[in-house]
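Engineer: Okay, handing you the structure first.
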Amino acid sequence: MSIMIQVTRKDSKEPLENLLRRFTRKVQQSGVLIEAKQLQRVEKGLSKTERRKQAITRRERRAIKVKKMKLGLK
């Protein structure tokens with residue numbers, strides 16, 4: 001979903017700060033920024049084999065950690 005937000009000057013003497021303030025308020029109210037941030041965080045799901053590989057490495061690391069703890073190492 002793409003929304004074009006436009007803000008025009010009310011008159012030629014309107015300060016740029018007011019124009020910028022109105023623009024940022026419209027952007028916040030429209031929710032475009034929130035949606036864009038949410039789309040950045042979307043990750044593609046892992047395949048079954050990738051999940052299995054990650055689980056195997058987790059188990060291996062955990063086993064190494066337990067073994068070191070039993071030996072009195074860090």
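The chains in the structure tokens are called A, B, ... from first to last as shown; in each chain the residues are counted from 1, and the ligands are counted from 1 in the order shown.
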As a PyMOL selection string, list the residues of chain A assigned to helix (DSSP H, G or I) by DSSP on the backbone atoms of this structure.
Structural biologist: chain A and resi 16-30+32-41+48-71
Engineer: Hey, what's within 8 Å of stretch 3-9 of chain A if we count only C-alpha atoms and toss same-chain stuff fewer than 3 positions away? As a list in words, please?
Structural biologist: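 Here the answer would be Ser12, Glu14, Leu19, Arg22, Phe23, Lys26, Val27 and Val32 of chain A.
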Engineer: Can you work out the spacing between atom CA of A:Ala55 and atom CA of A:Gln40 in Å, to one decimal?
Structural biologist: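 One can read the atom CA of A:Ala55 to atom CA of A:Gln40 distance as 25.8 Å.
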Engineer: One decimal, in Å: what's the spacing between atom CA of A:Arg51 and atom CA of A:Leu39?
Structural biologist: 22.9 Å
